[in-house]
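Listing of start_30.cif; format and content: mmCIF, C-alpha atoms and all ligand atoms.
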```
data_run
#
loop_
_atom_site.label_atom_id
_atom_site.label_comp_id
_atom_site.auth_asym_id
_atom_site.auth_seq_id
_atom_site.Cartn_x
_atom_site.Cartn_y
_atom_site.Cartn_z
CA MET A 1 -28.29 -0.47 22.43
CA THR A 2 -30.39 -3.60 22.50
CA GLY A 3 -31.00 -5.67 19.43
CA ALA A 4 -34.69 -6.12 20.08
CA THR A 5 -35.92 -3.09 18.15
CA ARG A 6 -33.25 -3.11 15.49
CA PRO A 7 -33.91 -4.52 12.02
CA ARG A 8 -31.46 -7.37 11.63
CA SER A 9 -30.16 -8.54 8.27
CA ASN A 10 -32.97 -10.23 6.43
CA PRO A 11 -31.72 -13.81 5.99
CA ILE A 12 -33.69 -14.29 2.79
CA PHE A 13 -32.18 -11.19 1.24
CA VAL A 14 -28.68 -12.24 2.31
CA LEU A 15 -29.32 -15.66 0.78
CA MET A 16 -30.41 -13.96 -2.45
CA ILE A 17 -27.15 -12.00 -2.57
CA PHE A 18 -25.21 -15.20 -1.95
CA ILE A 19 -27.13 -17.03 -4.68
CA GLY A 20 -26.46 -14.07 -6.98
CA MET A 21 -22.72 -14.42 -6.35
CA ILE A 22 -22.72 -18.18 -6.94
CA LEU A 23 -24.91 -17.95 -10.04
CA GLY A 24 -22.70 -15.17 -11.37
CA GLY A 25 -19.65 -17.38 -10.83
CA VAL A 26 -21.30 -20.29 -12.66
CA VAL A 27 -22.50 -18.18 -15.58
CA GLY A 28 -19.14 -16.41 -15.98
CA ALA A 29 -17.22 -19.67 -15.67
CA VAL A 30 -19.33 -21.50 -18.21
CA LEU A 31 -19.61 -18.68 -20.76
CA GLY A 32 -15.98 -17.61 -20.52
CA ARG A 33 -16.75 -14.24 -22.04
CA GLU A 34 -18.55 -11.01 -21.23
CA ILE A 35 -22.21 -10.53 -22.09
CA PRO A 36 -22.82 -6.81 -22.76
CA PHE A 37 -26.22 -6.73 -21.07
CA ILE A 38 -24.92 -8.41 -17.91
CA THR A 39 -21.90 -6.08 -17.91
CA LEU A 40 -24.29 -3.13 -18.14
CA LEU A 41 -26.27 -4.35 -15.12
CA GLY A 42 -23.06 -4.68 -13.10
CA ASP A 43 -21.83 -1.25 -14.18
CA LEU A 44 -25.12 0.41 -13.24
CA PHE A 45 -25.05 -1.17 -9.80
CA LEU A 46 -21.44 -0.22 -9.18
CA GLN A 47 -21.87 3.31 -10.50
CA GLY A 48 -24.94 3.73 -8.30
CA LEU A 49 -22.89 2.89 -5.23
CA LYS A 50 -19.97 5.07 -6.28
CA MET A 51 -22.35 7.95 -6.94
CA LEU A 52 -23.11 8.09 -3.22
CA ILE A 53 -19.57 8.00 -1.90
CA ILE A 54 -18.79 11.70 -2.09
CA PRO A 55 -22.05 13.09 -0.64
CA LEU A 56 -21.95 10.43 2.04
CA VAL A 57 -18.32 10.82 3.06
CA GLY A 58 -18.46 14.61 3.05
CA SER A 59 -21.68 14.91 5.03
CA SER A 60 -20.96 12.07 7.46
CA MET A 61 -17.54 13.37 8.41
CA ILE A 62 -18.72 16.94 8.85
CA VAL A 63 -21.70 15.85 10.96
CA ALA A 64 -19.58 13.42 13.00
CA VAL A 65 -16.98 16.05 13.80
CA ALA A 66 -19.56 18.70 14.55
CA SER A 67 -21.33 16.32 16.94
CA LEU A 68 -18.13 15.76 18.89
CA GLY A 69 -18.73 19.24 20.20
CA ASP A 70 -15.10 20.01 20.87
CA VAL A 71 -12.23 20.04 18.39
CA ARG A 72 -9.85 18.56 20.96
CA LYS A 73 -11.97 15.41 21.04
CA LEU A 74 -11.41 15.08 17.33
CA GLY A 75 -7.69 14.73 17.92
CA ARG A 76 -8.27 12.04 20.53
CA MET A 77 -10.73 10.11 18.44
CA GLY A 78 -8.57 10.40 15.34
CA GLY A 79 -5.53 9.28 17.31
CA VAL A 80 -7.25 6.23 18.82
CA THR A 81 -8.70 5.27 15.43
CA ILE A 82 -5.37 5.49 13.63
CA LEU A 83 -3.55 3.63 16.41
CA TYR A 84 -6.11 0.82 16.35
CA TYR A 85 -6.00 0.56 12.57
CA LEU A 86 -2.21 0.50 12.51
CA THR A 87 -2.10 -2.25 15.12
CA THR A 88 -4.47 -4.58 13.29
CA THR A 89 -2.75 -3.89 9.98
CA ILE A 90 0.66 -4.80 11.40
CA MET A 91 -0.84 -7.97 12.90
CA ALA A 92 -2.13 -8.90 9.44
CA VAL A 93 1.28 -8.30 7.86
CA ILE A 94 2.95 -10.51 10.45
CA ILE A 95 0.47 -13.34 9.82
CA GLY A 96 1.24 -13.04 6.09
CA LEU A 97 4.99 -13.09 6.68
CA VAL A 98 4.88 -16.12 8.96
CA LEU A 99 2.75 -18.09 6.50
CA VAL A 100 4.77 -17.21 3.43
CA ASN A 101 7.98 -18.22 5.21
CA LEU A 102 6.39 -21.52 6.27
CA ILE A 103 4.74 -22.44 2.98
CA ASN A 104 7.44 -21.05 0.64
CA PRO A 105 5.04 -20.69 -2.31
CA GLY A 106 7.65 -19.05 -4.54
CA ASN A 107 10.12 -21.92 -4.47
CA GLY A 108 10.12 -23.67 -7.80
CA VAL A 109 8.15 -20.92 -9.57
CA ASP A 110 9.77 -19.80 -12.79
CA ALA A 111 10.26 -16.05 -12.43
CA GLY A 112 10.53 -15.79 -16.22
CA GLN A 113 6.81 -16.48 -16.58
CA GLY A 114 5.99 -13.04 -15.21
CA ILE A 115 4.62 -10.66 -17.78
CA ALA A 116 6.96 -7.70 -18.13
CA ARG A 117 5.13 -4.51 -17.40
CA ASP A 118 5.92 -0.88 -17.08
CA VAL A 119 5.68 0.02 -13.48
CA ALA A 120 5.19 3.58 -12.46
CA ALA A 121 7.27 4.81 -9.56
CA TYR A 122 5.08 5.35 -6.54
CA SER A 123 6.19 6.60 -3.22
CA PHE A 124 4.67 7.18 0.15
CA LEU A 125 5.42 10.88 -0.24
CA ASP A 126 2.91 10.91 -3.11
CA VAL A 127 0.29 9.50 -0.75
CA ILE A 128 0.91 12.26 1.78
CA ARG A 129 0.93 14.94 -0.92
CA GLY A 130 -2.44 13.66 -2.11
CA ILE A 131 -4.10 14.20 1.27
CA VAL A 132 -4.36 17.98 0.95
CA PRO A 133 -6.48 18.85 -2.08
CA ALA A 134 -5.47 21.85 -4.14
CA ASN A 135 -9.01 21.91 -5.44
CA ILE A 136 -11.70 20.21 -3.41
CA PHE A 137 -14.11 20.07 -6.35
CA LYS A 138 -11.54 18.31 -8.49
CA ALA A 139 -10.91 15.82 -5.68
CA MET A 140 -14.65 15.20 -5.50
CA ALA A 141 -14.95 14.90 -9.26
CA ASP A 142 -12.15 12.34 -9.24
CA GLY A 143 -13.84 10.45 -6.40
CA LYS A 144 -10.78 10.83 -4.17
CA ILE A 145 -11.75 10.04 -0.61
CA LEU A 146 -8.66 10.91 1.40
CA PRO A 147 -8.60 14.60 0.39
CA MET A 148 -12.36 14.69 0.96
CA ILE A 149 -11.84 13.40 4.48
CA PHE A 150 -9.15 15.97 5.13
CA PHE A 151 -11.31 18.82 3.90
CA SER A 152 -14.40 17.60 5.79
CA LEU A 153 -12.50 17.19 9.06
CA PHE A 154 -11.04 20.65 8.72
CA PHE A 155 -14.39 22.13 7.75
CA GLY A 156 -16.30 20.27 10.51
CA GLY A 157 -13.67 21.15 13.11
CA CYS A 158 -13.82 24.86 12.28
CA LEU A 159 -17.59 24.69 12.17
CA THR A 160 -17.61 23.92 15.89
CA THR A 161 -15.88 27.22 16.55
CA ILE A 162 -18.32 29.66 14.92
CA GLY A 163 -21.13 29.38 17.45
CA LYS A 164 -24.79 29.73 16.51
CA ARG A 165 -24.10 30.31 12.83
CA ALA A 166 -22.95 26.71 12.51
CA GLN A 167 -26.38 25.25 13.19
CA PRO A 168 -28.01 25.70 9.74
CA VAL A 169 -24.88 24.31 8.09
CA VAL A 170 -24.89 21.25 10.34
CA THR A 171 -28.62 20.75 9.71
CA LEU A 172 -28.01 20.94 5.96
CA PHE A 173 -25.29 18.29 6.08
CA GLU A 174 -27.41 16.09 8.35
CA GLY A 175 -30.12 16.26 5.70
CA ILE A 176 -27.67 15.39 2.93
CA PHE A 177 -26.43 12.46 4.99
CA ASP A 178 -29.91 11.10 5.70
CA VAL A 179 -30.93 11.36 2.06
CA SER A 180 -27.74 9.63 0.93
CA MET A 181 -28.45 6.80 3.37
CA LYS A 182 -31.95 6.44 1.99
CA MET A 183 -30.56 6.30 -1.55
CA THR A 184 -28.06 3.67 -0.43
CA ARG A 185 -30.88 1.52 0.91
CA ILE A 186 -32.70 1.70 -2.41
CA ILE A 187 -29.62 0.75 -4.42
CA VAL A 188 -28.82 -2.10 -2.05
CA ALA A 189 -32.23 -3.58 -2.77
CA THR A 190 -30.87 -4.46 -6.22
CA ALA A 191 -27.74 -6.11 -4.82
CA PRO A 192 -28.64 -9.73 -5.74
CA ILE A 193 -28.76 -8.75 -9.42
CA GLY A 194 -25.81 -6.39 -9.10
CA VAL A 195 -23.47 -8.94 -7.55
CA PHE A 196 -24.60 -11.59 -10.03
CA ALA A 197 -23.68 -9.30 -12.91
CA LEU A 198 -20.37 -8.18 -11.42
CA VAL A 199 -19.14 -11.69 -10.66
CA ALA A 200 -20.34 -13.12 -14.00
CA THR A 201 -18.64 -10.31 -15.89
CA ARG A 202 -15.34 -10.61 -14.08
CA LEU A 203 -15.09 -14.37 -14.40
CA GLY A 204 -16.22 -14.15 -18.02
CA LYS A 205 -13.53 -11.56 -18.71
CA ALA A 206 -10.94 -13.85 -17.17
CA GLY A 207 -11.76 -16.39 -19.87
CA GLY A 208 -13.95 -18.70 -17.84
CA TRP A 209 -13.22 -21.71 -15.79
CA GLU A 210 -10.52 -23.40 -17.86
CA MET A 211 -8.31 -20.34 -18.16
CA PHE A 212 -8.75 -19.65 -14.49
CA ILE A 213 -7.64 -23.15 -13.47
CA VAL A 214 -4.54 -22.90 -15.67
CA GLU A 215 -3.60 -19.60 -14.04
CA LEU A 216 -4.36 -20.88 -10.59
CA GLU A 217 -2.20 -23.97 -11.08
CA ALA A 218 0.85 -21.85 -11.92
CA ILE A 219 0.79 -19.88 -8.68
CA GLY A 220 -1.76 -21.84 -6.69
CA ARG A 221 0.38 -22.13 -3.59
CA TYR A 222 0.77 -18.36 -3.52
CA ALA A 223 -3.01 -17.94 -3.75
CA LEU A 224 -3.45 -20.51 -1.01
CA THR A 225 -0.99 -18.67 1.24
CA VAL A 226 -2.81 -15.35 0.78
CA ILE A 227 -6.24 -16.88 1.32
CA SER A 228 -5.14 -18.85 4.40
CA GLY A 229 -3.61 -15.72 5.91
CA LEU A 230 -6.77 -13.74 5.21
CA ALA A 231 -8.83 -16.52 6.78
CA ILE A 232 -6.72 -16.52 9.94
CA HIS A 233 -6.95 -12.76 10.25
CA GLY A 234 -10.64 -12.49 9.35
CA VAL A 235 -11.96 -15.56 11.14
CA ILE A 236 -9.71 -15.76 14.20
CA VAL A 237 -7.82 -12.53 14.94
CA LEU A 238 -10.47 -9.87 14.21
CA PRO A 239 -13.35 -11.77 15.89
CA THR A 240 -11.15 -12.29 18.96
CA ILE A 241 -10.46 -8.54 19.15
CA LEU A 242 -14.17 -7.88 18.69
CA PHE A 243 -15.06 -10.29 21.46
CA VAL A 244 -12.38 -9.32 23.96
CA ILE A 245 -12.15 -5.56 23.46
CA GLY A 246 -15.40 -4.73 21.69
CA ARG A 247 -17.40 -7.09 23.98
CA ARG A 248 -19.63 -8.17 21.13
CA SER A 249 -20.61 -11.57 19.84
CA PRO A 250 -18.59 -12.09 16.64
CA LEU A 251 -21.23 -14.47 15.27
CA GLN A 252 -24.01 -11.96 15.67
CA PHE A 253 -21.84 -9.19 14.28
CA ILE A 254 -20.93 -11.10 11.12
CA ARG A 255 -24.59 -11.99 10.68
CA ASP A 256 -25.41 -8.29 10.86
CA MET A 257 -22.56 -7.20 8.60
CA ILE A 258 -22.67 -9.95 6.00
CA GLU A 259 -24.18 -7.74 3.26
CA PRO A 260 -21.24 -5.31 3.01
CA VAL A 261 -18.79 -8.21 3.25
CA PHE A 262 -20.49 -9.95 0.29
CA LEU A 263 -20.57 -6.66 -1.58
CA ALA A 264 -16.89 -6.09 -0.94
CA PHE A 265 -16.21 -9.52 -2.41
CA SER A 266 -18.36 -8.78 -5.46
CA THR A 267 -17.14 -5.24 -6.16
CA ALA A 268 -13.50 -5.60 -5.04
CA SER A 269 -13.78 -2.04 -3.80
CA SER A 270 -13.90 -0.85 -0.19
CA SER A 271 -14.94 2.60 -1.37
CA ALA A 272 -17.86 1.40 -3.46
CA THR A 273 -18.96 -0.73 -0.51
CA LEU A 274 -18.63 2.16 1.95
CA PRO A 275 -22.20 3.50 1.70
CA VAL A 276 -23.52 0.02 2.49
CA THR A 277 -21.04 -0.55 5.31
CA MET A 278 -22.12 2.74 6.89
CA GLU A 279 -25.79 2.04 6.47
CA THR A 280 -25.58 -1.50 7.81
CA ILE A 281 -23.37 -0.80 10.79
CA SER A 282 -25.79 1.63 12.35
CA LYS A 283 -29.06 0.15 11.15
CA LYS A 284 -28.38 -3.55 11.60
CA ALA A 285 -25.42 -3.89 13.95
CA GLY A 286 -26.48 -0.99 16.16
CA VAL A 287 -23.10 0.73 16.33
CA ASP A 288 -23.49 4.42 17.19
CA SER A 289 -23.74 6.08 13.78
CA ARG A 290 -21.60 8.99 14.96
CA VAL A 291 -18.74 6.57 15.47
CA GLY A 292 -19.39 4.70 12.23
CA ASN A 293 -19.63 7.95 10.30
CA PHE A 294 -16.19 8.98 11.43
CA VAL A 295 -14.38 5.67 11.60
CA LEU A 296 -15.65 3.94 8.45
CA PRO A 297 -14.71 6.50 5.77
CA LEU A 298 -11.25 6.66 7.31
CA GLY A 299 -11.13 2.88 7.45
CA ALA A 300 -12.18 2.46 3.82
CA THR A 301 -9.11 4.39 2.73
CA ILE A 302 -6.43 3.75 5.31
CA ASN A 303 -7.35 0.50 7.07
CA MET A 304 -6.69 -2.38 4.72
CA ASP A 305 -5.65 -5.43 6.68
CA GLY A 306 -6.28 -7.76 3.78
CA THR A 307 -4.23 -5.65 1.38
CA ALA A 308 -1.35 -5.34 3.83
CA LEU A 309 -1.25 -9.10 4.37
CA TYR A 310 -1.28 -9.71 0.63
CA GLU A 311 1.49 -7.14 0.02
CA ALA A 312 3.76 -8.93 2.49
CA VAL A 313 3.05 -12.40 1.09
CA ALA A 314 3.47 -11.20 -2.49
CA ALA A 315 6.79 -9.46 -1.80
CA VAL A 316 8.32 -12.55 -0.20
CA PHE A 317 6.79 -14.77 -2.89
CA ILE A 318 8.52 -12.70 -5.57
CA ALA A 319 11.82 -12.88 -3.69
CA GLN A 320 11.47 -16.66 -3.47
CA ALA A 321 10.61 -16.98 -7.16
CA TYR A 322 13.73 -14.99 -8.07
CA GLY A 323 15.79 -17.13 -5.70
CA LEU A 324 16.64 -14.22 -3.41
CA ASP A 325 17.24 -14.81 0.27
CA LEU A 326 15.55 -12.29 2.51
CA SER A 327 17.43 -11.24 5.59
CA PHE A 328 15.61 -10.37 8.81
CA PRO A 329 16.12 -6.59 8.34
CA THR A 330 14.64 -6.85 4.84
CA GLN A 331 11.61 -8.65 6.26
CA LEU A 332 11.25 -5.79 8.74
CA VAL A 333 11.35 -3.33 5.86
CA ILE A 334 8.56 -5.38 4.30
CA VAL A 335 6.46 -5.12 7.49
CA LEU A 336 6.80 -1.38 7.42
CA THR A 337 6.32 -0.78 3.71
CA ALA A 338 3.46 -3.29 3.38
CA THR A 339 1.66 -1.38 6.13
CA LEU A 340 2.30 1.95 4.41
CA ALA A 341 1.38 0.52 1.02
CA ALA A 342 -1.95 -0.65 2.41
CA ILE A 343 -2.60 2.77 3.92
CA GLY A 344 -1.74 4.37 0.59
CA ALA A 345 -3.85 2.03 -1.54
CA ALA A 346 -7.15 3.50 -2.67
CA GLY A 347 -10.28 1.48 -1.99
CA ILE A 348 -10.66 0.50 -5.62
CA PRO A 349 -10.07 -2.78 -7.49
CA GLN A 350 -6.45 -3.88 -7.56
CA ALA A 351 -5.09 -0.69 -6.04
CA GLY A 352 -2.87 -2.92 -3.92
CA LEU A 353 -1.05 -4.09 -7.01
CA VAL A 354 0.03 -0.51 -7.72
CA THR A 355 1.30 0.21 -4.23
CA MET A 356 3.04 -3.19 -4.31
CA VAL A 357 5.67 -1.50 -6.45
CA MET A 358 6.58 0.69 -3.51
CA VAL A 359 7.14 -2.34 -1.28
CA LEU A 360 9.31 -4.11 -3.84
CA HIS A 361 11.29 -1.00 -4.58
CA THR A 362 12.02 -0.22 -0.92
CA ALA A 363 12.90 -3.82 -0.09
CA GLY A 364 15.26 -3.92 -3.08
CA LEU A 365 13.27 -6.63 -4.85
CA PRO A 366 12.73 -6.89 -8.61
CA VAL A 367 9.81 -4.63 -9.46
CA GLU A 368 9.00 -6.64 -12.62
CA GLY A 369 8.02 -9.39 -10.18
CA VAL A 370 4.49 -7.93 -10.04
CA GLY A 371 4.05 -9.55 -13.44
CA LEU A 372 3.98 -12.90 -11.64
CA LEU A 373 0.93 -11.85 -9.65
CA LEU A 374 -1.13 -10.33 -12.42
CA ALA A 375 -3.04 -13.32 -13.70
CA ILE A 376 -5.06 -14.05 -10.60
CA ASP A 377 -4.80 -10.74 -8.78
CA TRP A 378 -8.41 -9.86 -9.61
CA PHE A 379 -9.45 -13.04 -7.79
CA LEU A 380 -7.38 -12.50 -4.64
CA ASP A 381 -8.45 -8.86 -4.65
CA ARG A 382 -11.97 -9.99 -3.76
CA PHE A 383 -10.88 -11.89 -0.68
CA ARG A 384 -8.63 -9.12 0.57
CA THR A 385 -11.30 -6.45 -0.01
CA ALA A 386 -13.79 -8.53 2.00
CA VAL A 387 -11.27 -8.66 4.87
CA ASN A 388 -10.58 -4.93 4.49
CA VAL A 389 -14.26 -4.09 4.91
CA TRP A 390 -14.72 -6.61 7.72
CA GLY A 391 -11.71 -5.06 9.48
CA ASP A 392 -13.24 -1.57 9.16
CA ALA A 393 -16.53 -2.76 10.61
CA VAL A 394 -14.87 -4.56 13.52
CA GLY A 395 -12.82 -1.40 14.10
CA ALA A 396 -15.96 0.75 14.35
CA ALA A 397 -17.55 -1.67 16.83
CA VAL A 398 -14.41 -1.78 18.97
CA LEU A 399 -13.75 1.96 18.84
CA GLU A 400 -17.32 2.70 19.84
CA ARG A 401 -16.27 1.73 23.34
CA PHE A 402 -13.58 4.40 23.47
CA VAL A 403 -15.46 7.53 22.50
CA SER A 404 -18.00 9.53 24.35
CA PHE A 405 -20.19 12.25 22.95
CA PRO A 406 -21.45 15.38 24.69
CA ASP A 407 -24.98 13.94 24.96
CA SER A 408 -23.93 10.42 25.88
CA GLY A 409 -27.49 9.20 25.95
CA PRO A 410 -28.66 6.26 23.88
CA ALA A 411 -26.72 5.66 20.68
CA ARG A 412 -28.14 7.54 17.76
CA THR A 413 -28.78 5.20 14.87
CA ASP A 414 -31.17 7.15 12.70
N1 LIG B 501 -9.46 -3.60 -3.76
C1 LIG B 501 -8.98 -3.30 -2.45
C2 LIG B 501 -10.00 -2.47 -1.70
O1 LIG B 501 -10.78 -1.77 -2.30
C3 LIG B 501 -7.63 -2.63 -2.46
C4 LIG B 501 -6.60 -3.59 -2.97
O2 LIG B 501 -6.08 -4.37 -2.18
O3 LIG B 501 -6.32 -3.62 -4.17
O4 LIG B 501 -10.05 -2.51 -0.50
#
```
Can you turn what I pasted into structure tokens?
Ligand code: ASP
Amino acid sequence: MTGATRPRSNPIFVLMIFIGMILGGVVGAVLGREIPFITLLGDLFLQGLKMLIIPLVGSSMIVAVASLGDVRKLGRMGGVTILYYLTTTIMAVIIGLVLVNLINPGNGVDAGQGIARDVAAYSFLDVIRGIVPANIFKAMADGKILPMIFFSLFFGGCLTTIGKRAQPVVTLFEGIFDVSMKMTRIIVATAPIGVFALVATRLGKAGGWEMFIVELEAIGRYALTVISGLAIHGVIVLPTILFVIGRRSPLQFIRDMIEPVFLAFSTASSSATLPVTMETISKKAGVDSRVGNFVLPLGATINMDGTALYEAVAAVFIAQAYGLDLSFPTQLVIVLTATLAAIGAAGIPQAGLVTMVMVLHTAGLPVEGVGLLLAIDWFLDRFRTAVNVWGDAVGAAVLERFVSFPDSGPARTD
């Protein structure tokens, strides 16, 4: 589809969001504490976004699957999507591993400074078990996306097999989807204030600028390793894939998708950002909404390049801090478990820290090591979430080239 008729991101609005983020950072840093009214504004914004996740994910997946027209196509599209996501995630892990082995951020760090913490056992089997909901309403009430996706795919797939009677159901879900999109647009209009409040609150909670610098100094090289890795993946690797395979201009695409990327940074949650990612990708970037509707909810839960990269860096950092030498097979175990841990992490703030335990456990590393990461994890979480969402968006644009729909006319973006 051509860009001529499409509303692009409004540069003034994007600038307002950016100013909101910066101002929030300054206010939080200077005050060094939370202001209840600002916290309330941030909470309202975040809750507004979260409120839309379930209606949006459910309806978009059902409509997307129903529009494929044939259940067999679902298998193909699902397969290609998962294969693509796995590939980029493993690439991210490898970048993280190379950097952490080059920079050695854990050497010289005193492992004793980690805060001891009770770590719950978490295994990949739990992730798989969680995919099939025993009670779909409970899964919805808990805001769990993966079981929602499973149910919606199943429901949408079977819907294509009941003939004429499916039509009113599809129309109903199309309506729910369109209304949810409209609601998303209205909530996004308040984003400059929302991101200001979220950033100010988080930095204030961290104790302001001085505390932050002290924490950063202790494990600054670790933070630098994670951020450099994320930059390489987000600024070089993903745009190259977008350009070569997706045949799109990366500059134009980031311009179109900058709002969800900023929001991901401000909310530290791929799931909370999801409604905006979905809205923007079809409205501003012109990706076929049927592809976005299928690929993005999946991506928000299972495609986390930034999280995977961070898991790998963090695991090796902990090993270095404890003075443990990692053999090549152990590093391979880290590649595998970091990928699985990223798939298993929910799209919520600091979920990666929880699945980190699984990586450490499997690689035979000291699980208490997560204590070393705690102080600035909230900060790194923002960068990795931004890369997670950017990776999902690039994925949708690339995968658009590999799927065809029964009525392969012009892309539907309404
Ligand atoms: N906050 C991340 C996300 O929502 C997950 C994580 O790495 O903790 O994508």
Task: Surrounding residues of A:Pro366 excluding itself and chain neighbours under 2 positions, 10 Å, only C-alpha atoms, as a ChimeraX atom specification - done: /A:315,318-319,322,324,357,360-361,363-364,368-370
Task: Near-A:Gly143 list (7 Å; only C-alpha atoms; drop same-chain fewer than 3 positions) as a VMD selection string - done: chain A and resid 54 139 to 140
Open item on the list: Report, in Å to a single decimal, how far apart atom CA of A:Ser249 and atom C1 of ligand LIG 501 (chain B) are.
Closed with: 26.5 Å
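Taking atom CA of A:Met148 as the reference point, atom CA of A:Ala351 is found at 18.4 Å.
In this structure, atom CA of A:Met358 sits 9.1 Å away from atom CA of A:Leu340.
Proximity ranking of A:Phe402, A:Val359, A:Gly371, A:Gly299 relative to ligand LIG 501 (chain B) places A:Gly299 first, based on all atoms listed in the file.
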Open item on the list: If the limit is 10 Å from any atom of ligand LIG 501 (chain B), counting only C-alpha atoms and all ligand atoms, which residues qualify? Return them as a PyMOL selection string.
Closed with: chain A and resi 264-265+267-274+299-311+341-356+377-378+380-389
All residues 9 Å or closer to A:Ile176, only C-alpha atoms, same chain fewer than 5 positions away omitted, as a PDB file with C-alpha atoms, in the frame of the given file:
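File produced: out.pdb:
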```
ATOM      1  CA  PRO A  55     -22.050  13.090  -0.640  1.00  0.00           C
ATOM      2  CA  LEU A  56     -21.950  10.430   2.040  1.00  0.00           C
ATOM      3  CA  SER A  59     -21.680  14.910   5.030  1.00  0.00           C
ATOM      4  CA  SER A  60     -20.960  12.070   7.460  1.00  0.00           C
ATOM      5  CA  THR A 171     -28.620  20.750   9.710  1.00  0.00           C
ATOM      6  CA  MET A 181     -28.450   6.800   3.370  1.00  0.00           C
TER       7      MET A 181
END
```
Open item on the list: Give me, as a list in words, all polymer residues having an atom no more than 9 Å from A:Met278, counting only C-alpha atoms and skipping those fewer than 6 positions away in the same chain.
Closed with: Met181, Pro260, Ser289, Gly292, Asn293, Leu296, Pro297 and Ala393 of chain A
